[in-house]
Amino acid sequence: MPHSPDNIAPVLYSFRRCPYAMRARLMIYISCLKVELRDILLKDKPAAMTSASPKATVPVLVLEDGKVLDESLDIMLWAAGKNDPQSLFPDDPQFQARILNLIQENDGPFKSSLDRYKYHVRFPEKSREAHRQDGEVFLSKLEEQLQKHSFLLADAATLADLAIFPFIRQFANSDRDWFDHADYPYLQKWLNGWLSSNAYLHIMKKRPIWQPDSPSCYLPELQPVQDN
């Protein structure tokens with residue numbers, strides 16, 4: 001059934017465990033924006049999503065005017081531009097550049113090392129431990145940053161924390177026993193803070209897989225508790 005004008009909201013296609021989709025949901029939630037959430041299965045992508053974004057990767061955000069954002073960072077920046085109650089992306093060009101540069105490092109070299117570590121059987125040119133050591137270059141950098149302040153770039157969270165956290169979670173979960181005993185006490189504390197946060201627990205709730213006849217499900221327009 002089509003929405004009435006009063007109920008029109010952006011539509012977000014998402015996959016619960018995808019780190020790119022996780023960070024988009026986190027920013028939307030913290031921005032207190034009403035978005036229709038459509039959880040999908042990557043092995044059974046709905047036609048409505050692939051029609052909106054032929055590249056067929058999550059997340060995909062379809063705005064009210066039909067514009068499509070299909071890069072997670074673009075979705076995060078859109079949400080911050082609409083409402084940024086925690087000043088996660090403050091209006092300071094130099095600080096914004098630092099935020100984006102750290103995210104770029106995460107999304108580039110670190111993500112490449114993460115994939116090779118997590119799926120090491122596909123990359124036999126190095127041992128699993130060697131791929132992990134490649135990723136530790138970034139872990140060590142974050143550990144050093146977190147010795148200076150409570151979050152990655154300041155004593156308050158920024159867009160960088162939200163954007164990077166899901167990938168550190170994935171790296172840690174690739175061998176949780178190793179990560180928990182590695183010499184990254186500040187990074188471990190930071191990660192555990194996000195894992196126990198209201199924002200993370202809310203966006204990771206299991207919801208029914210979306211079907212064309214499913215009732216609408218929204219990320220709520222509630223002010224989340226800042227608790228980490």
# chains A, B, ... in the order shown; residues from 1 in each chain; ligands from 1
call {"tool": "select_by_dssp", "arguments": {"residues": "region 8-217 of chain A", "states": "strand (DSSP E)", "output": "count of residues only"}}
result
14
call {"tool": "select_by_dssp", "arguments": {"residues": "region 10-179 of chain A", "states": "helix (DSSP H, G or I)", "output": "PyMOL selection string"}}
result
chain A and resi 19-30+47-52+72-82+93-118+120-122+128-148+159-174+176-179
call {"tool": "residues_around", "arguments": {"residues": "Leu73 (chain A)", "least_positions_apart": "5", "cutoff": "12 Å", "atoms": "only C-alpha atoms", "output": "MDAnalysis selection string"}}
result
chainID A and resid 19:28 58:61 78:80 89 99:100 103:104 106:107 159:160 162:164
call {"tool": "closest_atom_pairs", "arguments": {"of": "region 8-102 of chain A", "to": "region 152-158 of chain A", "cutoff": "12 Å", "atoms": "only C-alpha atoms", "output": "JSON lines"}}
result
{"residue": "A:Leu26", "atom": "CA", "partner": "A:Thr158", "partner_atom": "CA", "distance": 11.9}
{"residue": "A:Met27", "atom": "CA", "partner": "A:Thr158", "partner_atom": "CA", "distance": 10.3}
{"residue": "A:Ile30", "atom": "CA", "partner": "A:Thr158", "partner_atom": "CA", "distance": 11.4}
{"residue": "A:Met76", "atom": "CA", "partner": "A:Thr158", "partner_atom": "CA", "distance": 11.4}
{"residue": "A:Leu77", "atom": "CA", "partner": "A:Thr158", "partner_atom": "CA", "distance": 11.7}
{"residue": "A:Ala80", "atom": "CA", "partner": "A:Thr158", "partner_atom": "CA", "distance": 10.6}
{"residue": "A:Asp84", "atom": "CA", "partner": "A:Thr158", "partner_atom": "CA", "distance": 10.3}
{"residue": "A:Pro85", "atom": "CA", "partner": "A:Thr158", "partner_atom": "CA", "distance": 11.4}
{"residue": "A:Gln86", "atom": "CA", "partner": "A:Ala157", "partner_atom": "CA", "distance": 8.1}
{"residue": "A:Ser87", "atom": "CA", "partner": "A:Thr158", "partner_atom": "CA", "distance": 7.2}
{"residue": "A:Leu88", "atom": "CA", "partner": "A:Thr158", "partner_atom": "CA", "distance": 4.0}
{"residue": "A:Phe89", "atom": "CA", "partner": "A:Thr158", "partner_atom": "CA", "distance": 6.1}
{"residue": "A:Pro90", "atom": "CA", "partner": "A:Thr158", "partner_atom": "CA", "distance": 8.3}
{"residue": "A:Asp91", "atom": "CA", "partner": "A:Thr158", "partner_atom": "CA", "distance": 11.9}
{"residue": "A:Phe95", "atom": "CA", "partner": "A:Leu153", "partner_atom": "CA", "distance": 8.9}
{"residue": "A:Gln96", "atom": "CA", "partner": "A:Thr158", "partner_atom": "CA", "distance": 9.5}
{"residue": "A:Ala97", "atom": "CA", "partner": "A:Leu153", "partner_atom": "CA", "distance": 11.5}
{"residue": "A:Arg98", "atom": "CA", "partner": "A:Leu153", "partner_atom": "CA", "distance": 8.1}
{"residue": "A:Ile99", "atom": "CA", "partner": "A:Thr158", "partner_atom": "CA", "distance": 7.5}
{"residue": "A:Leu100", "atom": "CA", "partner": "A:Thr158", "partner_atom": "CA", "distance": 10.4}
{"residue": "A:Asn101", "atom": "CA", "partner": "A:Leu153", "partner_atom": "CA", "distance": 11.3}
{"residue": "A:Leu102", "atom": "CA", "partner": "A:Leu152", "partner_atom": "CA", "distance": 9.1}
call {"tool": "closest_residue", "arguments": {"among": "A:Leu142, A:Lys82, A:Tyr186, A:Ile8", "to": "Gly66 (chain A)", "atoms": "only C-alpha atoms"}}
result
A:Ile8
call {"tool": "residues_around", "arguments": {"residues": "Gly193 (chain A)", "least_positions_apart": "4", "cutoff": "12 Å", "atoms": "only C-alpha atoms", "output": "list in words"}}
result
Ser150, Phe151, Ala157, Asp161, Leu162, Phe165, Arg169, Tyr186, Leu187, Gln188, Lys189, Ser197, Asn198, Ala199, Tyr200, Leu201, Gln226, Asp227 and Asn228 of chain A
call {"tool": "residues_around", "arguments": {"residues": "Lys45 (chain A)", "least_positions_apart": "3", "cutoff": "12 Å", "atoms": "only C-alpha atoms", "output": "PyMOL selection string"}}
result
chain A and resi 13-15+38-42+48-60+209-212
call {"tool": "write_last_selection", "arguments": {"atoms": "C-alpha atoms", "output": "compact mmCIF listing (two decimals), in the first residue's frame"}}
result
# COMPACT_ATOMS: atom_id res chain seq x y z
CA TYR A 13 17.87 -1.32 2.73
CA SER A 14 20.19 -3.00 5.20
CA PHE A 15 21.76 -6.30 6.18
CA ARG A 38 14.11 -2.84 5.32
CA ASP A 39 16.29 -5.73 6.48
CA ILE A 40 17.21 -8.01 3.60
CA LEU A 41 19.12 -11.20 2.87
CA LEU A 42 22.18 -10.76 0.65
CA ALA A 48 13.11 -2.83 -5.25
CA MET A 49 16.64 -2.48 -3.90
CA THR A 50 18.52 -3.58 -7.01
CA SER A 51 16.30 -1.31 -9.10
CA ALA A 52 17.22 1.64 -6.90
CA SER A 53 20.92 0.71 -6.85
CA PRO A 54 22.12 -1.68 -9.56
CA LYS A 55 25.41 -2.26 -7.74
CA ALA A 56 23.25 -4.23 -5.27
CA THR A 57 25.28 -3.77 -2.11
CA VAL A 58 24.02 -2.57 1.26
CA PRO A 59 23.31 -0.08 2.60
CA VAL A 60 21.03 1.69 0.13
CA ILE A 209 13.27 -9.88 6.71
CA TRP A 210 11.49 -7.32 4.55
CA GLN A 211 9.04 -8.44 1.89
CA PRO A 212 7.03 -6.19 -0.46
call {"tool": "residues_around", "arguments": {"residues": "region 127-138 of chain A", "least_positions_apart": "6", "cutoff": "12 Å", "atoms": "only C-alpha atoms", "output": "ChimeraX atom specification"}}
result
/A:102-121,144-145,152,164,167-168,170-172,174-175,178-179,182-184,187
call {"tool": "atom_distance", "arguments": {"atom1": "CA of Asp177 (chain A)", "atom2": "CA of Asn192 (chain A)"}}
result
14.1 Å
call {"tool": "decode", "arguments": {"residues": "region 65-112 of chain A", "atoms": "C-alpha atoms", "output": "PDB file, in the first residue's frame"}}
result
ATOM      1  CA  ASP A  65      12.600  12.735  -3.627  1.00  0.00           C
ATOM      2  CA  GLY A  66      13.889   9.487  -5.179  1.00  0.00           C
ATOM      3  CA  LYS A  67      17.579  10.310  -4.812  1.00  0.00           C
ATOM      4  CA  VAL A  68      19.631   7.229  -3.937  1.00  0.00           C
ATOM      5  CA  LEU A  69      22.635   7.067  -1.613  1.00  0.00           C
ATOM      6  CA  ASP A  70      24.403   3.715  -1.837  1.00  0.00           C
ATOM      7  CA  GLU A  71      27.673   4.424  -0.038  1.00  0.00           C
ATOM      8  CA  SER A  72      27.588   4.079   3.740  1.00  0.00           C
ATOM      9  CA  LEU A  73      29.743   7.145   4.368  1.00  0.00           C
ATOM     10  CA  ASP A  74      27.473   9.263   2.168  1.00  0.00           C
ATOM     11  CA  ILE A  75      24.502   8.060   4.231  1.00  0.00           C
ATOM     12  CA  MET A  76      26.299   8.951   7.452  1.00  0.00           C
ATOM     13  CA  LEU A  77      27.145  12.424   6.170  1.00  0.00           C
ATOM     14  CA  TRP A  78      23.552  12.889   4.991  1.00  0.00           C
ATOM     15  CA  ALA A  79      22.283  12.017   8.472  1.00  0.00           C
ATOM     16  CA  ALA A  80      24.802  14.297  10.151  1.00  0.00           C
ATOM     17  CA  GLY A  81      23.756  17.089   7.818  1.00  0.00           C
ATOM     18  CA  LYS A  82      20.113  16.611   8.735  1.00  0.00           C
ATOM     19  CA  ASN A  83      20.619  16.421  12.494  1.00  0.00           C
ATOM     20  CA  ASP A  84      23.795  16.003  14.537  1.00  0.00           C
ATOM     21  CA  PRO A  85      22.774  16.273  18.211  1.00  0.00           C
ATOM     22  CA  GLN A  86      26.061  14.865  19.509  1.00  0.00           C
ATOM     23  CA  SER A  87      28.285  16.960  17.184  1.00  0.00           C
ATOM     24  CA  LEU A  88      29.784  13.850  15.626  1.00  0.00           C
ATOM     25  CA  PHE A  89      30.816  15.816  12.541  1.00  0.00           C
ATOM     26  CA  PRO A  90      31.485  19.339  13.879  1.00  0.00           C
ATOM     27  CA  ASP A  91      31.578  22.330  11.568  1.00  0.00           C
ATOM     28  CA  ASP A  92      35.368  22.622  11.533  1.00  0.00           C
ATOM     29  CA  PRO A  93      36.974  21.892   8.139  1.00  0.00           C
ATOM     30  CA  GLN A  94      40.312  20.822   9.621  1.00  0.00           C
ATOM     31  CA  PHE A  95      38.708  18.475  12.140  1.00  0.00           C
ATOM     32  CA  GLN A  96      36.357  17.122   9.478  1.00  0.00           C
ATOM     33  CA  ALA A  97      39.414  16.344   7.340  1.00  0.00           C
ATOM     34  CA  ARG A  98      40.984  14.402  10.229  1.00  0.00           C
ATOM     35  CA  ILE A  99      37.767  12.427  10.662  1.00  0.00           C
ATOM     36  CA  LEU A 100      37.499  11.589   6.969  1.00  0.00           C
ATOM     37  CA  ASN A 101      41.201  10.725   6.667  1.00  0.00           C
ATOM     38  CA  LEU A 102      40.971   8.193   9.503  1.00  0.00           C
ATOM     39  CA  ILE A 103      37.840   6.667   7.972  1.00  0.00           C
ATOM     40  CA  GLN A 104      39.625   6.461   4.613  1.00  0.00           C
ATOM     41  CA  GLU A 105      42.489   4.582   6.247  1.00  0.00           C
ATOM     42  CA  ASN A 106      39.985   2.174   7.781  1.00  0.00           C
ATOM     43  CA  ASP A 107      38.079   1.680   4.542  1.00  0.00           C
ATOM     44  CA  GLY A 108      41.241   1.242   2.468  1.00  0.00           C
ATOM     45  CA  PRO A 109      44.345  -0.492   3.852  1.00  0.00           C
ATOM     46  CA  PHE A 110      42.754  -1.819   7.042  1.00  0.00           C
ATOM     47  CA  LYS A 111      39.661  -3.253   5.337  1.00  0.00           C
ATOM     48  CA  SER A 112      41.930  -5.009   2.852  1.00  0.00           C
TER      49      SER A 112
END
